[in-house]
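Listing of coords_6.cif; format and content: mmCIF, C-alpha atoms (C1' of nucleotides); chains and numbers go by the auth columns.
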```cif
data_target
#
loop_
_atom_site.group_PDB
_atom_site.id
_atom_site.type_symbol
_atom_site.label_atom_id
_atom_site.label_comp_id
_atom_site.label_asym_id
_atom_site.label_seq_id
_atom_site.Cartn_x
_atom_site.Cartn_y
_atom_site.Cartn_z
_atom_site.B_iso_or_equiv
_atom_site.auth_seq_id
_atom_site.auth_asym_id
ATOM 1 C CA MET A 1 -26.904 -137.225 87.292 0.00 1 A
ATOM 2 C CA SER A 2 -25.664 -133.763 86.340 0.00 2 A
ATOM 3 C CA TYR A 3 -25.592 -131.476 83.349 0.00 3 A
ATOM 4 C CA TYR A 4 -23.094 -129.087 81.786 0.00 4 A
ATOM 5 C CA HIS A 5 -24.047 -126.444 79.289 0.00 5 A
ATOM 6 C CA PHE A 6 -22.032 -124.426 76.782 0.00 6 A
ATOM 7 C CA LYS A 7 -22.362 -122.808 73.381 0.00 7 A
ATOM 8 C CA PRO A 8 -19.545 -122.975 70.845 0.00 8 A
ATOM 9 C CA PRO A 9 -19.160 -119.595 69.099 0.00 9 A
ATOM 10 C CA GLY A 10 -20.101 -119.997 65.460 0.00 10 A
ATOM 11 C CA LEU A 11 -22.584 -122.786 66.012 0.00 11 A
ATOM 12 C CA GLN A 12 -26.222 -121.774 66.222 0.00 12 A
ATOM 13 C CA ALA A 13 -27.013 -124.261 68.957 0.00 13 A
ATOM 14 C CA HIS A 14 -26.527 -124.712 72.662 0.00 14 A
ATOM 15 C CA ILE A 15 -24.999 -127.971 73.782 0.00 15 A
ATOM 16 C CA PHE A 16 -26.161 -129.781 76.887 0.00 16 A
ATOM 17 C CA LEU A 17 -24.248 -132.738 78.328 0.00 17 A
ATOM 18 C CA LYS A 18 -25.952 -135.173 80.666 0.00 18 A
ATOM 19 C CA TYR A 19 -23.423 -137.168 82.680 0.00 19 A
ATOM 20 C CA ASP A 20 -22.406 -138.802 85.931 0.00 20 A
ATOM 21 C CA TYR A 21 -19.155 -138.029 87.682 0.00 21 A
ATOM 22 C CA GLN A 22 -17.494 -140.960 89.444 0.00 22 A
ATOM 23 C CA ASN A 23 -15.462 -139.516 92.259 0.00 23 A
ATOM 24 C CA SER A 24 -13.578 -142.732 92.953 0.00 24 A
ATOM 25 C CA THR A 25 -12.142 -143.018 89.457 0.00 25 A
ATOM 26 C CA LYS A 26 -12.327 -139.312 88.575 0.00 26 A
ATOM 27 C CA THR A 27 -14.064 -140.141 85.328 0.00 27 A
ATOM 28 C CA ILE A 28 -17.124 -138.841 83.580 0.00 28 A
ATOM 29 C CA LEU A 29 -19.767 -141.178 82.199 0.00 29 A
ATOM 30 C CA LEU A 30 -21.420 -139.274 79.381 0.00 30 A
ATOM 31 C CA HIS A 31 -25.032 -140.343 78.868 0.00 31 A
ATOM 32 C CA GLU A 32 -26.437 -137.859 76.434 0.00 32 A
ATOM 33 C CA LEU A 33 -25.688 -134.824 74.280 0.00 33 A
ATOM 34 C CA ILE A 34 -28.666 -132.638 73.463 0.00 34 A
ATOM 35 C CA MET A 35 -28.723 -129.574 71.213 0.00 35 A
ATOM 36 C CA PHE A 36 -31.094 -126.680 71.748 0.00 36 A
ATOM 37 C CA LYS A 37 -32.156 -123.610 69.840 0.00 37 A
ATOM 38 C CA ASP A 38 -32.280 -121.431 72.942 0.00 38 A
ATOM 39 C CA LYS A 39 -31.306 -121.514 76.564 0.00 39 A
ATOM 40 C CA ASN A 40 -34.852 -121.706 77.930 0.00 40 A
ATOM 41 C CA GLU A 41 -35.220 -125.225 76.600 0.00 41 A
ATOM 42 C CA ILE A 42 -32.226 -126.282 78.659 0.00 42 A
ATOM 43 C CA VAL A 43 -33.828 -125.058 81.869 0.00 43 A
ATOM 44 C CA LYS A 44 -37.001 -126.967 80.994 0.00 44 A
ATOM 45 C CA ILE A 45 -35.269 -130.265 80.291 0.00 45 A
ATOM 46 C CA SER A 46 -33.037 -130.108 83.339 0.00 46 A
ATOM 47 C CA LYS A 47 -36.087 -129.604 85.561 0.00 47 A
ATOM 48 C CA VAL A 48 -38.012 -132.446 83.949 0.00 48 A
ATOM 49 C CA LYS A 49 -35.110 -134.858 84.188 0.00 49 A
ATOM 50 C CA GLU A 50 -34.237 -133.664 87.696 0.00 50 A
ATOM 51 C CA LEU A 51 -30.628 -132.921 86.813 0.00 51 A
ATOM 52 C CA LYS A 52 -28.241 -130.867 88.917 0.00 52 A
ATOM 53 C CA PRO A 53 -25.890 -128.402 87.278 0.00 53 A
ATOM 54 C CA THR A 54 -22.147 -129.098 87.332 0.00 54 A
ATOM 55 C CA ASP A 55 -20.573 -129.035 90.757 0.00 55 A
ATOM 56 C CA THR A 56 -18.193 -126.143 90.191 0.00 56 A
ATOM 57 C CA SER A 57 -16.417 -126.833 93.465 0.00 57 A
ATOM 58 C CA ASN A 58 -15.032 -130.075 92.113 0.00 58 A
ATOM 59 C CA MET A 59 -11.964 -129.056 90.157 0.00 59 A
ATOM 60 C CA ALA A 60 -11.254 -132.433 88.570 0.00 60 A
ATOM 61 C CA GLU A 61 -14.788 -132.706 87.255 0.00 61 A
ATOM 62 C CA GLN A 62 -14.786 -129.122 86.027 0.00 62 A
ATOM 63 C CA GLU A 63 -11.470 -129.645 84.270 0.00 63 A
ATOM 64 C CA ILE A 64 -12.655 -132.614 82.225 0.00 64 A
ATOM 65 C CA LEU A 65 -15.812 -130.797 81.188 0.00 65 A
ATOM 66 C CA GLU A 66 -13.841 -127.761 80.077 0.00 66 A
ATOM 67 C CA LYS A 67 -11.574 -129.990 78.010 0.00 67 A
ATOM 68 C CA ILE A 68 -14.618 -131.452 76.301 0.00 68 A
ATOM 69 C CA GLU A 69 -15.963 -127.963 75.671 0.00 69 A
ATOM 70 C CA ARG A 70 -12.612 -126.912 74.211 0.00 70 A
ATOM 71 C CA LEU A 71 -12.764 -129.763 71.693 0.00 71 A
ATOM 72 C CA PHE A 72 -16.157 -128.579 70.477 0.00 72 A
ATOM 73 C CA VAL A 73 -15.077 -124.931 70.337 0.00 73 A
ATOM 74 C CA ASP A 74 -12.003 -125.899 68.310 0.00 74 A
ATOM 75 C CA HIS A 75 -14.023 -128.130 66.040 0.00 75 A
ATOM 76 C CA PHE A 76 -16.609 -125.499 65.170 0.00 76 A
ATOM 77 C CA SER A 77 -14.042 -122.768 64.719 0.00 77 A
ATOM 78 C CA GLY A 78 -12.714 -124.697 61.736 0.00 78 A
ATOM 79 C CA LYS A 79 -10.041 -126.844 63.318 0.00 79 A
ATOM 80 C CA LEU A 80 -11.867 -130.112 62.520 0.00 80 A
ATOM 81 C CA VAL A 81 -11.505 -132.389 65.501 0.00 81 A
ATOM 82 C CA ASP A 82 -12.280 -136.104 65.548 0.00 82 A
ATOM 83 C CA LEU A 83 -14.530 -135.669 68.563 0.00 83 A
ATOM 84 C CA PHE A 84 -15.075 -139.381 69.164 0.00 84 A
ATOM 85 C CA ALA A 85 -11.349 -140.143 69.178 0.00 85 A
ATOM 86 C CA GLU A 86 -10.275 -137.089 71.179 0.00 86 A
ATOM 87 C CA ILE A 87 -12.912 -137.421 73.879 0.00 87 A
ATOM 88 C CA GLN A 88 -11.826 -141.011 74.422 0.00 88 A
ATOM 89 C CA LYS A 89 -8.381 -139.683 75.332 0.00 89 A
ATOM 90 C CA LEU A 90 -9.877 -137.807 78.279 0.00 90 A
ATOM 91 C CA ASN A 91 -11.246 -139.444 81.415 0.00 91 A
ATOM 92 C CA VAL A 92 -14.573 -139.890 79.717 0.00 92 A
ATOM 93 C CA GLU A 93 -16.604 -142.981 79.024 0.00 93 A
ATOM 94 C CA LEU A 94 -19.368 -142.806 76.443 0.00 94 A
ATOM 95 C CA ASP A 95 -22.570 -144.506 77.481 0.00 95 A
ATOM 96 C CA VAL A 96 -23.695 -145.785 74.094 0.00 96 A
ATOM 97 C CA LYS A 97 -24.590 -149.305 75.074 0.00 97 A
ATOM 98 C CA SER A 98 -27.691 -148.402 77.054 0.00 98 A
ATOM 99 C CA LYS A 99 -29.282 -146.907 73.949 0.00 99 A
ATOM 100 C CA TYR A 100 -27.651 -149.044 71.267 0.00 100 A
ATOM 101 C CA LYS A 101 -28.885 -152.294 72.661 0.00 101 A
ATOM 102 C CA SER A 102 -29.644 -154.236 69.490 0.00 102 A
ATOM 103 C CA GLU A 103 -26.962 -155.729 67.282 0.00 103 A
ATOM 104 C CA PHE A 104 -28.387 -153.864 64.328 0.00 104 A
ATOM 105 C CA ALA A 105 -28.134 -150.444 65.943 0.00 105 A
ATOM 106 C CA TYR A 106 -24.650 -151.231 67.202 0.00 106 A
ATOM 107 C CA ASN A 107 -23.507 -152.048 63.669 0.00 107 A
ATOM 108 C CA VAL A 108 -24.771 -148.665 62.559 0.00 108 A
ATOM 109 C CA LEU A 109 -22.849 -147.024 65.391 0.00 109 A
ATOM 110 C CA GLU A 110 -19.625 -148.814 64.509 0.00 110 A
ATOM 111 C CA PHE A 111 -19.870 -147.601 60.948 0.00 111 A
ATOM 112 C CA LEU A 112 -20.719 -144.033 61.974 0.00 112 A
ATOM 113 C CA ILE A 113 -17.611 -143.522 64.078 0.00 113 A
ATOM 114 C CA LYS A 114 -15.465 -144.254 61.037 0.00 114 A
ATOM 115 C CA VAL A 115 -16.911 -141.261 59.200 0.00 115 A
ATOM 116 C CA LYS A 116 -14.487 -138.419 59.862 0.00 116 A
ATOM 117 C CA PRO A 117 -14.989 -134.634 59.801 0.00 117 A
ATOM 118 C CA GLY A 118 -15.426 -133.319 56.259 0.00 118 A
ATOM 119 C CA GLU A 119 -16.665 -136.684 55.008 0.00 119 A
ATOM 120 C CA THR A 120 -20.233 -137.760 54.480 0.00 120 A
ATOM 121 C CA THR A 121 -21.949 -141.078 53.921 0.00 121 A
ATOM 122 C CA SER A 122 -25.490 -142.161 53.126 0.00 122 A
ATOM 123 C CA TYR A 123 -28.136 -144.398 54.622 0.00 123 A
ATOM 124 C CA TYR A 124 -27.740 -146.558 51.530 0.00 124 A
ATOM 125 C CA GLU A 125 -23.988 -146.924 52.013 0.00 125 A
ATOM 126 C CA ILE A 126 -24.418 -147.892 55.643 0.00 126 A
ATOM 127 C CA GLY A 127 -26.941 -150.481 54.500 0.00 127 A
ATOM 128 C CA SER A 128 -24.556 -152.051 52.030 0.00 128 A
ATOM 129 C CA GLN A 129 -21.757 -152.086 54.614 0.00 129 A
ATOM 130 C CA ILE A 130 -23.774 -153.777 57.339 0.00 130 A
ATOM 131 C CA GLY A 131 -25.666 -156.031 54.928 0.00 131 A
ATOM 132 C CA SER A 132 -29.152 -154.640 55.316 0.00 132 A
ATOM 133 C CA LYS A 133 -31.693 -152.943 53.105 0.00 133 A
ATOM 134 C CA ALA A 134 -33.627 -151.511 56.015 0.00 134 A
ATOM 135 C CA TYR A 135 -32.726 -147.927 55.170 0.00 135 A
ATOM 136 C CA ARG A 136 -35.495 -146.416 57.205 0.00 136 A
ATOM 137 C CA ALA A 137 -34.519 -148.548 60.161 0.00 137 A
ATOM 138 C CA ILE A 138 -30.977 -147.221 59.775 0.00 138 A
ATOM 139 C CA GLY A 139 -32.442 -143.740 60.004 0.00 139 A
ATOM 140 C CA ASN A 140 -34.205 -144.736 63.183 0.00 140 A
ATOM 141 C CA ALA A 141 -30.972 -146.097 64.628 0.00 141 A
ATOM 142 C CA CYS A 142 -29.274 -142.779 63.877 0.00 142 A
ATOM 143 C CA ARG A 143 -32.144 -140.963 65.509 0.00 143 A
ATOM 144 C CA SER A 144 -31.758 -142.973 68.689 0.00 144 A
ATOM 145 C CA ASN A 145 -28.115 -141.903 68.882 0.00 145 A
ATOM 146 C CA PRO A 146 -27.727 -140.553 72.435 0.00 146 A
ATOM 147 C CA ILE A 147 -24.606 -138.524 71.648 0.00 147 A
ATOM 148 C CA PRO A 148 -24.926 -136.729 68.312 0.00 148 A
ATOM 149 C CA LEU A 149 -21.863 -134.808 67.008 0.00 149 A
ATOM 150 C CA ILE A 150 -19.573 -137.211 68.890 0.00 150 A
ATOM 151 C CA VAL A 151 -21.143 -140.141 67.053 0.00 151 A
ATOM 152 C CA PRO A 152 -21.610 -138.246 63.804 0.00 152 A
ATOM 153 C CA CYS A 153 -25.131 -139.081 62.653 0.00 153 A
ATOM 154 C CA HIS A 154 -25.251 -135.639 61.001 0.00 154 A
ATOM 155 C CA ARG A 155 -22.822 -136.898 58.319 0.00 155 A
ATOM 156 C CA VAL A 156 -25.411 -139.268 56.909 0.00 156 A
ATOM 157 C CA LEU A 157 -27.242 -137.939 53.841 0.00 157 A
ATOM 158 C CA LYS A 158 -29.801 -139.399 51.492 0.00 158 A
ATOM 159 C CA ARG A 159 -28.412 -141.250 48.516 0.00 159 A
ATOM 160 C CA ASN A 160 -29.786 -138.673 46.077 0.00 160 A
ATOM 161 C CA GLY A 161 -27.861 -135.911 47.841 0.00 161 A
ATOM 162 C CA GLU A 162 -30.747 -134.472 49.818 0.00 162 A
ATOM 163 C CA ILE A 163 -30.008 -133.486 53.362 0.00 163 A
ATOM 164 C CA GLY A 164 -32.305 -136.000 55.065 0.00 164 A
ATOM 165 C CA GLY A 165 -33.681 -135.623 58.564 0.00 165 A
ATOM 166 C CA PHE A 166 -31.997 -134.729 61.830 0.00 166 A
ATOM 167 C CA MET A 167 -32.968 -135.118 65.472 0.00 167 A
ATOM 168 C CA GLY A 168 -36.483 -136.255 64.693 0.00 168 A
ATOM 169 C CA LYS A 169 -37.309 -133.663 62.066 0.00 169 A
ATOM 170 C CA ASN A 170 -37.236 -134.399 58.351 0.00 170 A
ATOM 171 C CA SER A 171 -38.931 -131.486 56.613 0.00 171 A
ATOM 172 C CA ASP A 172 -37.000 -128.600 55.074 0.00 172 A
ATOM 173 C CA ASN A 173 -36.686 -125.323 56.926 0.00 173 A
ATOM 174 C CA GLU A 174 -37.020 -126.895 60.328 0.00 174 A
ATOM 175 C CA TRP A 175 -34.435 -125.688 62.815 0.00 175 A
ATOM 176 C CA GLU A 176 -33.038 -129.206 63.078 0.00 176 A
ATOM 177 C CA THR A 177 -32.442 -129.725 59.370 0.00 177 A
ATOM 178 C CA ASN A 178 -30.887 -126.283 59.025 0.00 178 A
ATOM 179 C CA LEU A 179 -28.624 -127.117 61.942 0.00 179 A
ATOM 180 C CA LYS A 180 -27.541 -130.300 60.166 0.00 180 A
ATOM 181 C CA LYS A 181 -26.626 -128.237 57.101 0.00 181 A
ATOM 182 C CA GLU A 182 -24.810 -125.671 59.220 0.00 182 A
ATOM 183 C CA ILE A 183 -22.734 -128.307 60.988 0.00 183 A
ATOM 184 C CA LEU A 184 -21.721 -129.860 57.677 0.00 184 A
ATOM 185 C CA MET A 185 -20.774 -126.455 56.288 0.00 185 A
ATOM 186 C CA LEU A 186 -18.600 -125.781 59.342 0.00 186 A
ATOM 187 C CA GLU A 187 -16.983 -129.158 58.746 0.00 187 A
ATOM 188 C CA LYS A 188 -16.432 -128.096 55.136 0.00 188 A
ATOM 189 C CA ALA A 189 -18.175 -131.201 53.880 0.00 189 A
ATOM 190 C CA LYS A 190 -19.157 -131.360 50.245 0.00 190 A
ATOM 191 C CA LEU A 191 -22.924 -131.232 49.835 0.00 191 A
ATOM 192 C "C1'" DA B 1 -45.996 -138.921 44.198 0.00 192 B
ATOM 193 C "C1'" DC B 2 -46.637 -143.738 45.408 0.00 193 B
ATOM 194 C "C1'" DG B 3 -45.469 -148.235 46.984 0.00 194 B
ATOM 195 C "C1'" DC B 4 -42.198 -150.897 49.114 0.00 195 B
ATOM 196 C "C1'" DG B 5 -39.122 -153.009 52.855 0.00 196 B
ATOM 197 C "C1'" DC B 6 -37.666 -154.055 57.461 0.00 197 B
ATOM 198 C "C1'" DG B 7 -35.900 -153.111 62.536 0.00 198 B
ATOM 199 C "C1'" DT B 8 -38.012 -151.024 66.370 0.00 199 B
ATOM 200 C "C1'" DT B 9 -41.663 -149.558 69.251 0.00 200 B
ATOM 201 C "C1'" DC B 10 -46.350 -149.312 70.442 0.00 201 B
ATOM 202 C "C1'" DT B 11 -50.627 -151.675 71.434 0.00 202 B
ATOM 203 C "C1'" DA B 12 -53.950 -154.904 72.694 0.00 203 B
ATOM 204 C "C1'" DA B 13 -55.005 -159.173 74.004 0.00 204 B
ATOM 205 C "C1'" DT C 1 -45.309 -162.081 77.524 0.00 205 C
ATOM 206 C "C1'" DT C 2 -46.456 -162.128 72.816 0.00 206 C
ATOM 207 C "C1'" DA C 3 -48.497 -161.451 68.308 0.00 207 C
ATOM 208 C "C1'" DG C 4 -49.467 -158.010 65.222 0.00 208 C
ATOM 209 C "C1'" DA C 5 -50.140 -153.343 63.796 0.00 209 C
ATOM 210 C "C1'" DA C 6 -47.977 -148.907 63.252 0.00 210 C
ATOM 211 C "C1'" DC C 7 -44.156 -146.072 62.626 0.00 211 C
ATOM 212 C "C1'" DG C 8 -39.878 -144.040 60.394 0.00 212 C
ATOM 213 C "C1'" DC C 9 -33.205 -138.381 59.980 0.00 213 C
ATOM 214 C "C1'" DG C 10 -35.156 -143.787 52.850 0.00 214 C
ATOM 215 C "C1'" DC C 11 -34.922 -145.995 48.292 0.00 215 C
ATOM 216 C "C1'" DG C 12 -36.471 -147.047 43.622 0.00 216 C
ATOM 217 C "C1'" DT C 13 -39.859 -146.210 40.015 0.00 217 C
#
```
Take the structure in this file and express it as structure tokens.
Amino acid sequence: MSYYHFKPPGLQAHIFLKYDYQNSTKTILLHELIMFKDKNEIVKISKVKELKPTDTSNMAEQEILEKIERLFVDHFSGKLVDLFAEIQKLNVELDVKSKYKSEFAYNVLEFLIKVKPGETTSYYEIGSQIGSKAYRAIGNACRSNPIPLIVPCHRVLKRNGEIGGFMGKNSDNEWETNLKKEILMLEKAKL
DNA sequence: ACGCGCGTTCTAA
DNA sequence: TTAGAACGCGCGT
């Protein structure tokens, strides 16, 4: 298990990818995307999870990671990229099934990937689409999303227009909720 | 501001 | 392993 770190200019967050590189197939299996306020947190997590940094001697691996980074840089510089669709065109497999194990959570995921940059939805709307009134449970499913941004849980708002929580935090003026707002602004979504 | 609803996770047998 | 209590990026009143 390895990690790759970068920071898109314009976004107030560092991005940390946790992945495995399969040498035989030259593909990357992406397990997790984590966002951090500052770089120190990244060092902490990588130690705890016993992750090795990217093997910069492996050109094929490095190349895929830089392509992924480019997509994020483009996206947050205003060129609105469908990250889920574009990353699938690279030699990357998204490891969503290990976290989205229940049928319920998988339904939420399937709906989320249809929400494109600049659009928003609500927990209520997801509920009516998947035939459930468990709005809080939908929130929990979004929270367990292993790859935020790529699976766009940040585009889900409360029905009354409030921002709602993000990455475990739900009170105003937390770094996480401000980040959610910032991302949506960069995506030029109507709030 | 309070009660509700319901999938998931935690906890104690 | 299994029931049941507790917990939540919410909703309606």
On this file, the PyMOL selection byres ((chain B) within 10 of (chain A)) gives some set of residues; write that set as a PDB file with C-alpha atoms (C1' of nucleotides), in the coordinates of the input.
```pdb
ATOM      1  C1'  DG B 196     -39.122-153.009  52.855  1.00  0.00           C
ATOM      2  C1'  DC B 197     -37.666-154.055  57.461  1.00  0.00           C
ATOM      3  C1'  DG B 198     -35.900-153.111  62.536  1.00  0.00           C
ATOM      4  C1'  DT B 199     -38.012-151.024  66.370  1.00  0.00           C
TER       5       DT B 199
END
```
Atom-to-atom span, atom CA of A:Leu33 and atom CA of A:Phe111, Å: 19.4 Å
Between atom CA of A:Tyr100 and atom CA of A:Ile45, measure the distance and give it in Å to one decimal.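 Taking atom CA of A:Tyr100 and atom CA of A:Ile45, their separation equals 22.2 Å.
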What is the atom CA of A:His14-atom CA of A:Phe72 distance in Å, reported with one decimal?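 For atom CA of A:His14 relative to atom CA of A:Phe72, the distance reads 11.3 Å.
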Explicit residue set for the PyMOL selection byres ((chain A and resi 81-84) around 9), as a list of chain:residue names: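 So the PyMOL selection byres ((chain A and resi 81-84) around 9), applied here, picks out A:Ile68, A:Leu71, A:Phe72, A:Asp74, A:His75, A:Phe76, A:Gly78, A:Lys79, A:Leu80, A:Ala85, A:Glu86, A:Ile87, A:Gln88, A:Ile113, A:Lys116, A:Pro117, A:Leu149, A:Ile150, A:Val151, A:Pro152.
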Hey, can you spit out that residue selection with C-alpha atoms as a PDB file, in the coordinates of the input?
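Result went into selection_30.pdb, see below:
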```pdb
ATOM      1  CA  ILE A  68     -14.618-131.452  76.301  1.00  0.00           C
ATOM      2  CA  LEU A  71     -12.764-129.763  71.693  1.00  0.00           C
ATOM      3  CA  PHE A  72     -16.157-128.579  70.477  1.00  0.00           C
ATOM      4  CA  ASP A  74     -12.003-125.899  68.310  1.00  0.00           C
ATOM      5  CA  HIS A  75     -14.023-128.130  66.040  1.00  0.00           C
ATOM      6  CA  PHE A  76     -16.609-125.499  65.170  1.00  0.00           C
ATOM      7  CA  GLY A  78     -12.714-124.697  61.736  1.00  0.00           C
ATOM      8  CA  LYS A  79     -10.041-126.844  63.318  1.00  0.00           C
ATOM      9  CA  LEU A  80     -11.867-130.112  62.520  1.00  0.00           C
ATOM     10  CA  ALA A  85     -11.349-140.143  69.178  1.00  0.00           C
ATOM     11  CA  GLU A  86     -10.275-137.089  71.179  1.00  0.00           C
ATOM     12  CA  ILE A  87     -12.912-137.421  73.879  1.00  0.00           C
ATOM     13  CA  GLN A  88     -11.826-141.011  74.422  1.00  0.00           C
ATOM     14  CA  ILE A 113     -17.611-143.522  64.078  1.00  0.00           C
ATOM     15  CA  LYS A 116     -14.487-138.419  59.862  1.00  0.00           C
ATOM     16  CA  PRO A 117     -14.989-134.634  59.801  1.00  0.00           C
ATOM     17  CA  LEU A 149     -21.863-134.808  67.008  1.00  0.00           C
ATOM     18  CA  ILE A 150     -19.573-137.211  68.890  1.00  0.00           C
ATOM     19  CA  VAL A 151     -21.143-140.141  67.053  1.00  0.00           C
ATOM     20  CA  PRO A 152     -21.610-138.246  63.804  1.00  0.00           C
TER      21      PRO A 152
END
```
Starting from the displayed file, determine the output of the PyMOL selection byres ((chain C) within 7 of (chain A)) and express the residue list as a list in words.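 Evaluating the PyMOL selection byres ((chain C) within 7 of (chain A)) on this file yields DG212, DC213 and DG214 of chain C.
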For stretch 127-138 of chain A, supply N, CA, C and O atoms and report the output as a CSV table (one decimal), in the coordinates of the input.
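Below is the file that was written, part37.csv:
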```csv
chain,number,residue,atom,x,y,z
A,127,GLY,N,-26.2,-149.2,54.8
A,127,GLY,CA,-26.9,-150.5,54.5
A,127,GLY,C,-26.1,-151.5,53.8
A,127,GLY,O,-26.0,-152.7,54.2
A,128,SER,N,-25.4,-151.1,52.8
A,128,SER,CA,-24.6,-152.1,52.0
A,128,SER,C,-23.4,-152.5,52.9
A,128,SER,O,-22.9,-153.7,52.7
A,129,GLN,N,-22.9,-151.7,53.8
A,129,GLN,CA,-21.8,-152.1,54.6
A,129,GLN,C,-22.2,-153.1,55.7
A,129,GLN,O,-21.4,-154.0,56.0
A,130,ILE,N,-23.4,-152.9,56.3
A,130,ILE,CA,-23.8,-153.8,57.3
A,130,ILE,C,-24.7,-154.9,56.8
A,130,ILE,O,-25.2,-155.7,57.6
A,131,GLY,N,-24.9,-155.0,55.5
A,131,GLY,CA,-25.7,-156.0,54.9
A,131,GLY,C,-27.1,-156.0,55.2
A,131,GLY,O,-27.7,-156.9,55.6
A,132,SER,N,-27.7,-154.8,55.1
A,132,SER,CA,-29.2,-154.6,55.3
A,132,SER,C,-29.8,-153.7,54.3
A,132,SER,O,-29.1,-152.8,53.8
A,133,LYS,N,-31.0,-153.9,54.0
A,133,LYS,CA,-31.7,-152.9,53.1
A,133,LYS,C,-32.7,-152.1,53.9
A,133,LYS,O,-33.6,-151.5,53.3
A,134,ALA,N,-32.6,-152.2,55.2
A,134,ALA,CA,-33.6,-151.5,56.0
A,134,ALA,C,-33.2,-150.1,56.2
A,134,ALA,O,-32.8,-149.6,57.3
A,135,TYR,N,-33.3,-149.3,55.1
A,135,TYR,CA,-32.7,-147.9,55.2
A,135,TYR,C,-33.4,-147.0,56.2
A,135,TYR,O,-32.8,-146.2,56.8
A,136,ARG,N,-34.7,-147.2,56.3
A,136,ARG,CA,-35.5,-146.4,57.2
A,136,ARG,C,-35.2,-146.8,58.6
A,136,ARG,O,-35.1,-146.0,59.5
A,137,ALA,N,-34.9,-148.1,58.8
A,137,ALA,CA,-34.5,-148.5,60.2
A,137,ALA,C,-33.2,-148.0,60.5
A,137,ALA,O,-32.9,-147.7,61.7
A,138,ILE,N,-32.3,-147.8,59.5
A,138,ILE,CA,-31.0,-147.2,59.8
A,138,ILE,C,-31.2,-145.8,60.2
A,138,ILE,O,-30.5,-145.3,61.2
```
